[in-house]
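For reference, run-v4.txt is printed below; it contains compact mmCIF, C-alpha atoms.
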```txt
# COMPACT_ATOMS: atom_id res chain seq x y z
CA MET H 61 15.90 -173.73 207.40
CA SER H 62 19.12 -172.86 209.26
CA THR H 63 19.23 -169.89 211.61
CA ASP H 64 22.61 -170.29 213.33
CA LEU H 65 25.09 -170.33 210.46
CA TYR H 66 28.28 -168.30 210.17
CA VAL H 67 31.25 -167.69 207.89
CA GLU H 68 34.66 -166.31 208.76
CA LEU H 69 36.30 -163.73 206.52
CA ALA H 70 40.02 -163.69 205.75
CA ASP H 71 40.63 -160.96 208.35
CA GLY H 72 38.99 -163.05 211.08
CA THR H 73 35.64 -161.23 211.06
CA ARG H 74 32.82 -163.65 211.79
CA ILE H 75 29.46 -163.09 210.12
CA GLY H 76 26.48 -164.98 211.48
CA TYR H 77 23.53 -165.49 209.21
CA ALA H 78 20.23 -167.30 208.76
CA GLU H 79 19.07 -169.03 205.62
CA VAL H 80 15.51 -170.03 204.71
CA GLY H 81 13.78 -171.12 201.52
CA ASP H 82 15.25 -173.06 198.59
CA PRO H 83 19.08 -173.54 198.75
CA GLU H 84 19.11 -173.72 194.93
CA GLY H 85 16.85 -170.71 194.38
CA PRO H 86 17.80 -167.16 193.38
CA PRO H 87 19.63 -165.52 196.31
CA VAL H 88 18.11 -162.61 198.23
CA VAL H 89 20.21 -160.97 200.97
CA TYR H 90 18.16 -159.36 203.73
CA PHE H 91 19.40 -156.54 205.98
CA HIS H 92 17.57 -156.46 209.31
CA GLY H 93 16.33 -153.45 211.22
CA ASN H 94 17.69 -152.01 214.47
CA PRO H 95 17.46 -153.49 217.00
CA GLY H 96 17.17 -156.69 214.99
CA SER H 97 19.08 -159.69 213.78
CA ARG H 98 19.24 -162.50 211.24
CA LEU H 99 16.22 -164.04 212.97
CA GLU H 100 13.92 -161.53 211.24
CA VAL H 101 13.75 -163.93 208.27
CA ASP H 102 12.38 -166.52 210.67
CA LEU H 103 9.22 -164.44 210.98
CA PRO H 104 6.38 -166.74 209.89
CA ALA H 105 5.39 -164.80 206.76
CA SER H 106 8.97 -164.36 205.52
CA ARG H 107 9.78 -168.03 205.99
CA ARG H 108 6.65 -169.17 204.18
CA ALA H 109 7.14 -166.70 201.32
CA ALA H 110 10.73 -167.83 200.75
CA GLU H 111 9.60 -171.45 200.59
CA GLN H 112 6.62 -170.79 198.31
CA LEU H 113 8.55 -168.53 195.90
CA GLY H 114 11.54 -170.86 195.82
CA ILE H 115 14.14 -168.25 196.79
CA ARG H 116 17.25 -168.55 198.89
CA LEU H 117 16.75 -165.91 201.60
CA LEU H 118 19.93 -165.06 203.51
CA ALA H 119 20.10 -162.67 206.46
CA PRO H 120 23.49 -161.67 207.91
CA ASP H 121 23.81 -160.20 211.39
CA ARG H 122 25.56 -156.85 211.39
CA PRO H 123 28.80 -156.60 213.39
CA GLY H 124 28.25 -156.87 217.13
CA MET H 125 24.73 -158.26 216.79
CA GLY H 126 23.67 -161.88 216.98
CA LEU H 127 26.52 -164.17 215.89
CA SER H 128 28.62 -161.54 214.08
CA SER H 129 31.80 -160.34 215.75
CA PHE H 130 31.99 -156.65 216.56
CA ARG H 131 34.02 -154.29 214.46
CA THR H 132 33.60 -150.63 213.65
CA PHE H 133 32.58 -149.77 210.11
CA THR H 134 30.83 -147.04 208.16
CA VAL H 135 27.79 -147.26 205.92
CA ARG H 136 30.08 -146.62 202.95
CA GLU H 137 32.30 -149.55 203.96
CA TYR H 138 29.50 -152.05 204.45
CA PRO H 139 29.38 -153.22 200.81
CA GLN H 140 32.96 -154.52 201.17
CA LEU H 141 31.84 -156.70 204.07
CA ILE H 142 28.83 -158.02 202.18
CA GLY H 143 30.89 -158.57 199.04
CA ARG H 144 33.28 -160.85 200.94
CA PHE H 145 30.32 -162.60 202.61
CA ALA H 146 28.76 -163.20 199.18
CA ASP H 147 32.07 -164.48 197.79
CA ILE H 148 32.30 -167.18 200.44
CA LEU H 149 28.73 -168.29 199.78
CA GLY H 150 29.27 -168.28 196.03
CA LEU H 151 26.77 -165.52 195.27
CA GLU H 152 27.69 -163.94 191.95
CA ARG H 153 24.53 -161.84 191.49
CA PHE H 154 21.83 -161.32 194.06
CA VAL H 155 19.00 -159.13 195.27
CA VAL H 156 19.08 -157.05 198.45
CA ILE H 157 16.28 -156.07 200.84
CA GLY H 158 16.77 -153.47 203.59
CA LEU H 159 14.18 -153.15 206.36
CA SER H 160 13.88 -149.92 208.37
CA GLY H 161 17.41 -149.09 209.59
CA GLY H 162 18.70 -151.76 207.20
CA GLY H 163 17.73 -149.50 204.29
CA LYS H 164 20.95 -147.48 204.48
CA TYR H 165 23.02 -150.63 204.00
CA ALA H 166 20.88 -151.71 201.05
CA CYS H 167 21.47 -148.32 199.42
CA ALA H 168 25.19 -148.59 200.15
CA CYS H 169 25.31 -151.97 198.41
CA ALA H 170 23.32 -150.61 195.46
CA TRP H 171 26.19 -148.13 195.04
CA GLY H 172 29.20 -150.21 196.10
CA LEU H 173 28.12 -153.57 194.64
CA HIS H 174 26.20 -152.25 191.63
CA ASP H 175 27.77 -154.81 189.32
CA ARG H 176 26.46 -157.69 191.45
CA LEU H 177 22.96 -156.50 192.37
CA SER H 178 20.00 -156.92 190.04
CA GLN H 179 17.37 -155.25 192.25
CA VAL H 180 16.98 -153.63 195.67
CA ALA H 181 13.93 -153.28 197.91
CA LEU H 182 13.68 -150.78 200.75
CA VAL H 183 10.91 -151.53 203.24
CA SER H 184 9.83 -149.01 205.89
CA SER H 185 13.26 -147.43 205.38
CA THR H 186 14.82 -144.48 207.09
CA CYS H 187 16.65 -141.86 205.04
CA SER H 188 20.01 -140.14 205.36
CA PRO H 189 19.73 -137.27 207.88
CA ASP H 190 21.49 -134.81 205.58
CA LEU H 191 18.72 -135.00 202.96
CA PRO H 192 16.35 -131.99 202.88
CA GLY H 193 13.56 -132.50 205.42
CA ALA H 194 14.98 -135.75 206.80
CA LYS H 195 15.34 -134.69 210.43
CA ALA H 196 11.76 -133.44 210.44
CA THR H 197 10.70 -137.10 210.16
CA TRP H 198 12.31 -137.88 213.53
CA ASN H 199 10.01 -138.03 216.54
CA ARG H 200 11.06 -136.67 219.92
CA GLN H 201 12.66 -139.94 221.00
CA ASP H 202 14.61 -140.17 217.72
CA ARG H 203 15.90 -136.62 218.10
CA LEU H 204 17.20 -137.35 221.59
CA LEU H 205 18.74 -140.72 220.73
CA PHE H 206 20.32 -139.70 217.43
CA THR H 207 21.68 -136.44 218.81
CA LEU H 208 23.40 -138.34 221.62
CA ALA H 209 24.56 -141.10 219.26
CA ASP H 210 26.16 -138.53 216.97
CA ARG H 211 27.74 -136.29 219.59
CA VAL H 212 28.49 -138.61 222.55
CA PRO H 213 28.42 -142.17 221.18
CA TRP H 214 30.21 -143.50 224.28
CA LEU H 215 27.18 -142.51 226.36
CA VAL H 216 24.82 -144.37 224.05
CA ARG H 217 27.09 -147.43 224.31
CA MET H 218 26.77 -147.25 228.11
CA VAL H 219 22.99 -146.96 227.94
CA PHE H 220 22.60 -149.94 225.62
CA ALA H 221 25.09 -151.99 227.65
CA LYS H 222 22.84 -151.58 230.70
CA PHE H 223 19.74 -152.20 228.58
CA ALA H 224 21.04 -155.41 226.97
CA PRO H 225 20.38 -157.90 229.84
CA ASP H 226 16.72 -156.85 230.04
CA ALA H 227 16.38 -157.11 226.27
CA ARG H 228 17.80 -160.64 226.27
CA ARG H 229 15.67 -161.73 229.23
CA ASP H 230 12.28 -160.38 228.18
CA ALA H 231 12.16 -158.75 224.75
CA GLU H 232 8.39 -159.27 224.54
CA SER H 233 7.83 -156.82 227.39
CA LEU H 234 9.96 -154.27 225.52
CA LEU H 235 7.73 -154.61 222.46
CA SER H 236 4.71 -153.90 224.64
CA MET H 237 6.26 -150.51 225.47
CA LEU H 238 5.82 -149.36 221.85
CA ASP H 239 2.93 -146.97 222.35
CA ASN H 240 3.11 -144.91 219.14
CA LEU H 241 1.89 -147.64 216.80
CA GLY H 242 -1.00 -147.50 214.38
CA PRO H 243 -3.84 -150.04 214.48
CA THR H 244 -2.28 -152.43 211.94
CA ASP H 245 1.00 -152.66 213.85
CA ARG H 246 -0.88 -153.10 217.14
CA ASP H 247 -2.86 -155.92 215.55
CA LEU H 248 0.33 -157.60 214.34
CA LEU H 249 1.91 -157.45 217.78
CA GLY H 250 -1.29 -158.98 219.11
CA ARG H 251 -0.61 -162.10 217.04
CA GLU H 252 1.34 -164.42 219.30
CA GLU H 253 3.36 -166.10 216.54
CA PHE H 254 4.52 -162.76 215.10
CA ARG H 255 5.19 -161.14 218.50
CA GLN H 256 7.28 -164.05 219.75
CA ALA H 257 9.30 -164.25 216.53
CA LEU H 258 10.00 -160.50 216.58
CA ALA H 259 10.95 -160.67 220.25
CA ARG H 260 13.47 -163.44 219.52
CA SER H 261 15.05 -161.28 216.83
CA VAL H 262 15.29 -158.24 219.11
CA ALA H 263 16.75 -160.30 221.96
CA GLU H 264 19.34 -161.74 219.57
CA ALA H 265 20.45 -158.22 218.63
CA PHE H 266 21.69 -157.88 222.23
CA ARG H 267 23.27 -161.34 222.40
CA GLN H 268 26.77 -159.84 222.84
CA GLY H 269 25.61 -156.77 224.75
CA GLY H 270 24.64 -153.37 223.39
CA ARG H 271 27.74 -152.33 221.46
CA GLY H 272 26.51 -153.41 218.02
CA VAL H 273 23.09 -151.79 218.48
CA ALA H 274 24.72 -148.59 219.74
CA HIS H 275 27.07 -148.41 216.74
CA ASP H 276 24.12 -148.95 214.39
CA ASN H 277 22.33 -146.00 216.00
CA THR H 278 25.42 -143.83 215.60
CA LEU H 279 25.47 -144.62 211.88
CA GLU H 280 21.73 -143.86 211.68
CA ALA H 281 22.35 -140.45 213.23
CA ARG H 282 25.01 -139.43 210.72
CA PRO H 283 24.94 -138.82 206.95
CA TRP H 284 25.28 -142.05 205.01
CA ASN H 285 28.00 -140.55 202.78
CA ILE H 286 26.67 -142.45 199.78
CA PRO H 287 26.22 -140.71 196.39
CA LEU H 288 22.55 -141.63 196.09
CA ASP H 289 22.18 -139.77 192.80
CA GLN H 290 24.75 -142.11 191.21
CA ILE H 291 22.93 -145.35 192.04
CA GLN H 292 21.81 -147.07 188.83
CA VAL H 293 20.41 -150.30 190.31
CA PRO H 294 16.56 -150.32 190.20
CA ILE H 295 15.12 -149.79 193.68
CA GLN H 296 11.62 -150.67 194.84
CA ILE H 297 10.52 -148.58 197.83
CA TRP H 298 7.75 -149.96 200.04
CA HIS H 299 6.27 -148.01 202.94
CA GLY H 300 3.07 -148.16 204.95
CA GLU H 301 1.09 -144.92 205.04
CA ASP H 302 0.31 -145.58 208.72
CA ASP H 303 3.91 -146.18 209.80
CA ARG H 304 4.37 -144.16 212.99
CA LEU H 305 7.88 -145.39 213.82
CA VAL H 306 9.44 -144.26 210.52
CA PRO H 307 7.00 -141.91 208.77
CA PRO H 308 6.40 -142.57 205.06
CA GLN H 309 7.79 -139.10 204.35
CA ALA H 310 11.25 -140.62 204.96
CA SER H 311 10.77 -142.88 201.94
CA ARG H 312 9.43 -140.00 199.85
CA ILE H 313 12.57 -138.00 200.63
CA LEU H 314 14.73 -141.00 199.78
CA ALA H 315 12.85 -141.63 196.53
CA ASP H 316 13.50 -138.05 195.43
CA ALA H 317 17.23 -138.61 195.92
CA LEU H 318 17.38 -141.87 193.96
CA PRO H 319 17.33 -141.78 190.13
CA HIS H 320 15.75 -145.22 189.61
CA ALA H 321 13.23 -145.67 192.42
CA THR H 322 9.70 -147.04 192.13
CA THR H 323 7.48 -146.32 195.12
CA HIS H 324 4.71 -148.38 196.70
CA PHE H 325 2.90 -146.57 199.52
CA VAL H 326 0.39 -148.94 201.06
CA PRO H 327 -2.71 -147.48 202.76
CA GLU H 328 -3.32 -148.58 206.36
CA ALA H 329 -0.05 -150.55 206.49
CA GLY H 330 2.34 -149.83 209.35
CA HIS H 331 6.02 -150.22 210.13
CA PHE H 332 5.85 -154.01 210.22
CA MET H 333 4.18 -154.16 206.81
CA ILE H 334 6.57 -156.86 205.60
CA ALA H 335 4.59 -159.35 207.67
CA ASP H 336 1.50 -158.91 205.47
CA HIS H 337 3.11 -157.84 202.19
CA VAL H 338 6.29 -159.90 201.92
CA ASP H 339 4.98 -161.83 198.90
CA ASN H 340 4.36 -158.65 196.91
CA ILE H 341 7.69 -157.17 198.00
CA LEU H 342 9.66 -160.23 196.95
CA GLN H 343 7.81 -160.56 193.66
CA SER H 344 8.58 -156.92 192.84
CA ILE H 345 12.33 -157.60 192.91
CA LEU H 346 12.55 -161.11 191.47
```
Go ahead and express the file in the form of structure tokens.
Amino acid sequence: MSTDLYVELADGTRIGYAEVGDPEGPPVVYFHGNPGSRLEVDLPASRRAAEQLGIRLLAPDRPGMGLSSFRTFTVREYPQLIGRFADILGLERFVVIGLSGGGKYACACAWGLHDRLSQVALVSSTCSPDLPGAKATWNRQDRLLFTLADRVPWLVRMVFAKFAPDARRDAESLLSMLDNLGPTDRDLLGREEFRQALARSVAEAFRQGGRGVAHDNTLEARPWNIPLDQIQVPIQIWHGEDDRLVPPQASRILADALPHATTHFVPEAGHFMIADHVDNILQSIL
């Protein structure tokens, strides 16, 4: 297991990443949530599943988070970045997983890297805000944050810049502020091993400050600009029915827009369902 790796692209962009599992196994590239980082694959269940299934699980930090240098980019441009990352690591064909806010990048790669992806999994994913009914899935906090991120992104950058030192110092206390969780998610955060691992990942998202997290929120607030109806790569959609951070309706809306999506809505599972269902999720795409 190596959690502090990085590669440097020809243009000087640095991409930090973590790698767990079997170095000789089939490659799976994991896109973390927001705020999150490469350290999400160091969650106990993900690490064990990668080892038991014999896969090579790779998780790049997005620009400005963790070890990856900051640069502006769009959702539509992200496949180019991942394509160059995969080239350096010698990945000819691979599988992609996108968790929560990482779902938009997984969809982008299913479109932009369709000749290199065999399967995609979306877990607790958001959906593009221009899809019918998408904004109705936003809670009050989402509406405020995403409206600001879209219209006055500089203000959101300032807010996250001030927020970053607290996040780095004590991310566990920030997790305790999540009050709109269902019972399964509350139970997961009550498990010390899971809570500490998630807190490390969140703190790492703010390693360089709040600029990367702020940019990610701006992209979440705007249409993905991806022709979802043209995606031919098979996509497995997993969502907990008791997810109160990203309602399962977001995945239903996304599934309707994708021509080759298979859905798995899990009763009583919450937003952090990957912790208890990672084996099934990985097996569905291998």
Out of H:Arg108, H:Lys222, H:Arg153, H:Glu232, which residue has the shortest atom-to-atom distance to Glu252 (chain H) when counting only C-alpha atoms?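 Among the listed residues, the smallest separation from Glu252 (chain H) belongs to H:Glu232.
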Extract, using only C-alpha atoms, all DNA, RNA and protein residues at most 9 Å from Trp198 (chain H), discarding same-chain residues fewer than 3 positions from it, and format them as a VMD selection string. chain H and resid 194 to 195 201 to 203 305 to 307
Where is the centre and how long are the edges: axis-aligned box on region 320-330 of chain H, 4 Å on each side, Å to one decimal, as JSON:
```
{"center_x": 6.2, "center_y": -147.9, "center_z": 199.5, "size_x": 27.1, "size_y": 13.3, "size_z": 27.7}
```
Correct to one decimal, the distance CA of Val216 (chain H)-CA of Gly124 (chain H) is 14.7 Å
May I have the residues within 6 Å of Asp302 (chain H) as a ChimeraX atom specification, using all atoms listed in the file and disregarding those fewer than 6 positions away in the same chain? /H:328-330
So that I can see what lies close to Ala274 (chain H), please list as a compact mmCIF listing (two decimals) with C-alpha atoms, in the frame of the given file the residues with an atom at most 8 Å from it, counting only C-alpha atoms and leaving out residues fewer than 5 positions away in the same chain.
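Below you can see part-v7.txt, which holds the result:
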```txt
# COMPACT_ATOMS: atom_id res chain seq x y z
CA ALA H 209 24.56 -141.10 219.26
CA PRO H 213 28.42 -142.17 221.18
CA VAL H 216 24.82 -144.37 224.05
CA ARG H 217 27.09 -147.43 224.31
CA PHE H 220 22.60 -149.94 225.62
```
Contacts of region 278-286 of chain H within 6 Å, only C-alpha atoms, excl. fewer than 4 positions in-chain, as a list in words: Val135, Ser188, Pro189, Asp190, Phe206, Ala209 and Asp210 of chain H
Quick one: of H:Ala321, H:Met218, H:Val89, H:Ala259, who's nearest to Ile115 (chain H), counting all atoms listed in the file?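 Nearest candidate to Ile115 (chain H) out of H:Ala321, H:Met218, H:Val89, H:Ala259: H:Val89.
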Just checking: using all atoms listed in the file, which residue out of H:Leu191, H:Leu258, H:Leu141, H:Leu99 ends up closest to Gly126 (chain H)?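 Checking each of H:Leu191, H:Leu258, H:Leu141, H:Leu99 against Gly126 (chain H), counting all atoms listed in the file, the winner is H:Leu99.
Using only C-alpha atoms for every distance, the candidate list H:Ala105, H:Gly172, H:Gly76, H:Ala224 yields H:Ala105 as the residue closest to Glu253 (chain H).
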Please reconstruct the missing atoms of region 92-106 of chain H (target: N, CA, C and O atoms) and return them as a PDB file, in the coordinates of the input.
```pdb
ATOM      1  N   HIS H  92      18.555-156.638 208.236  1.00  0.00           N
ATOM      2  CA  HIS H  92      17.570-156.460 209.310  1.00  0.00           C
ATOM      3  C   HIS H  92      17.521-155.029 209.822  1.00  0.00           C
ATOM      4  O   HIS H  92      18.394-154.203 209.529  1.00  0.00           O
ATOM      5  N   GLY H  93      16.492-154.761 210.612  1.00  0.00           N
ATOM      6  CA  GLY H  93      16.330-153.450 211.220  1.00  0.00           C
ATOM      7  C   GLY H  93      17.186-153.314 212.476  1.00  0.00           C
ATOM      8  O   GLY H  93      18.052-154.140 212.768  1.00  0.00           O
ATOM      9  N   ASN H  94      16.931-152.263 213.250  1.00  0.00           N
ATOM     10  CA  ASN H  94      17.690-152.010 214.470  1.00  0.00           C
ATOM     11  C   ASN H  94      16.749-151.548 215.594  1.00  0.00           C
ATOM     12  O   ASN H  94      16.048-150.549 215.412  1.00  0.00           O
ATOM     13  N   PRO H  95      16.697-152.271 216.737  1.00  0.00           N
ATOM     14  CA  PRO H  95      17.460-153.490 217.000  1.00  0.00           C
ATOM     15  C   PRO H  95      16.826-154.696 216.314  1.00  0.00           C
ATOM     16  O   PRO H  95      15.606-154.877 216.329  1.00  0.00           O
ATOM     17  N   GLY H  96      17.653-155.511 215.677  1.00  0.00           N
ATOM     18  CA  GLY H  96      17.170-156.690 214.990  1.00  0.00           C
ATOM     19  C   GLY H  96      18.327-157.631 214.733  1.00  0.00           C
ATOM     20  O   GLY H  96      19.457-157.400 215.191  1.00  0.00           O
ATOM     21  N   SER H  97      18.059-158.682 214.015  1.00  0.00           N
ATOM     22  CA  SER H  97      19.080-159.690 213.780  1.00  0.00           C
ATOM     23  C   SER H  97      18.678-160.555 212.594  1.00  0.00           C
ATOM     24  O   SER H  97      17.622-160.352 211.987  1.00  0.00           O
ATOM     25  N   ARG H  98      19.512-161.549 212.316  1.00  0.00           N
ATOM     26  CA  ARG H  98      19.240-162.500 211.240  1.00  0.00           C
ATOM     27  C   ARG H  98      17.909-163.232 211.434  1.00  0.00           C
ATOM     28  O   ARG H  98      17.315-163.723 210.473  1.00  0.00           O
ATOM     29  N   LEU H  99      17.428-163.290 212.682  1.00  0.00           N
ATOM     30  CA  LEU H  99      16.220-164.040 212.970  1.00  0.00           C
ATOM     31  C   LEU H  99      14.963-163.373 212.418  1.00  0.00           C
ATOM     32  O   LEU H  99      13.878-163.955 212.480  1.00  0.00           O
ATOM     33  N   GLU H 100      15.092-162.158 211.868  1.00  0.00           N
ATOM     34  CA  GLU H 100      13.920-161.530 211.240  1.00  0.00           C
ATOM     35  C   GLU H 100      13.384-162.372 210.077  1.00  0.00           C
ATOM     36  O   GLU H 100      12.187-162.358 209.807  1.00  0.00           O
ATOM     37  N   VAL H 101      14.254-163.112 209.383  1.00  0.00           N
ATOM     38  CA  VAL H 101      13.750-163.930 208.270  1.00  0.00           C
ATOM     39  C   VAL H 101      13.054-165.192 208.780  1.00  0.00           C
ATOM     40  O   VAL H 101      12.490-165.942 207.982  1.00  0.00           O
ATOM     41  N   ASP H 102      13.107-165.399 210.092  1.00  0.00           N
ATOM     42  CA  ASP H 102      12.380-166.520 210.670  1.00  0.00           C
ATOM     43  C   ASP H 102      10.974-166.100 211.095  1.00  0.00           C
ATOM     44  O   ASP H 102      10.244-166.889 211.704  1.00  0.00           O
ATOM     45  N   LEU H 103      10.603-164.838 210.780  1.00  0.00           N
ATOM     46  CA  LEU H 103       9.220-164.440 210.980  1.00  0.00           C
ATOM     47  C   LEU H 103       8.339-165.329 210.099  1.00  0.00           C
ATOM     48  O   LEU H 103       8.716-165.661 208.974  1.00  0.00           O
ATOM     49  N   PRO H 104       7.190-165.750 210.602  1.00  0.00           N
ATOM     50  CA  PRO H 104       6.380-166.740 209.890  1.00  0.00           C
ATOM     51  C   PRO H 104       6.125-166.404 208.424  1.00  0.00           C
ATOM     52  O   PRO H 104       6.301-167.253 207.548  1.00  0.00           O
ATOM     53  N   ALA H 105       5.742-165.171 208.136  1.00  0.00           N
ATOM     54  CA  ALA H 105       5.390-164.800 206.760  1.00  0.00           C
ATOM     55  C   ALA H 105       6.618-164.843 205.851  1.00  0.00           C
ATOM     56  O   ALA H 105       6.531-165.297 204.709  1.00  0.00           O
ATOM     57  N   SER H 106       7.762-164.369 206.337  1.00  0.00           N
ATOM     58  CA  SER H 106       8.970-164.360 205.520  1.00  0.00           C
ATOM     59  C   SER H 106       9.428-165.782 205.203  1.00  0.00           C
ATOM     60  O   SER H 106       9.822-166.096 204.077  1.00  0.00           O
TER      61      SER H 106
END
```
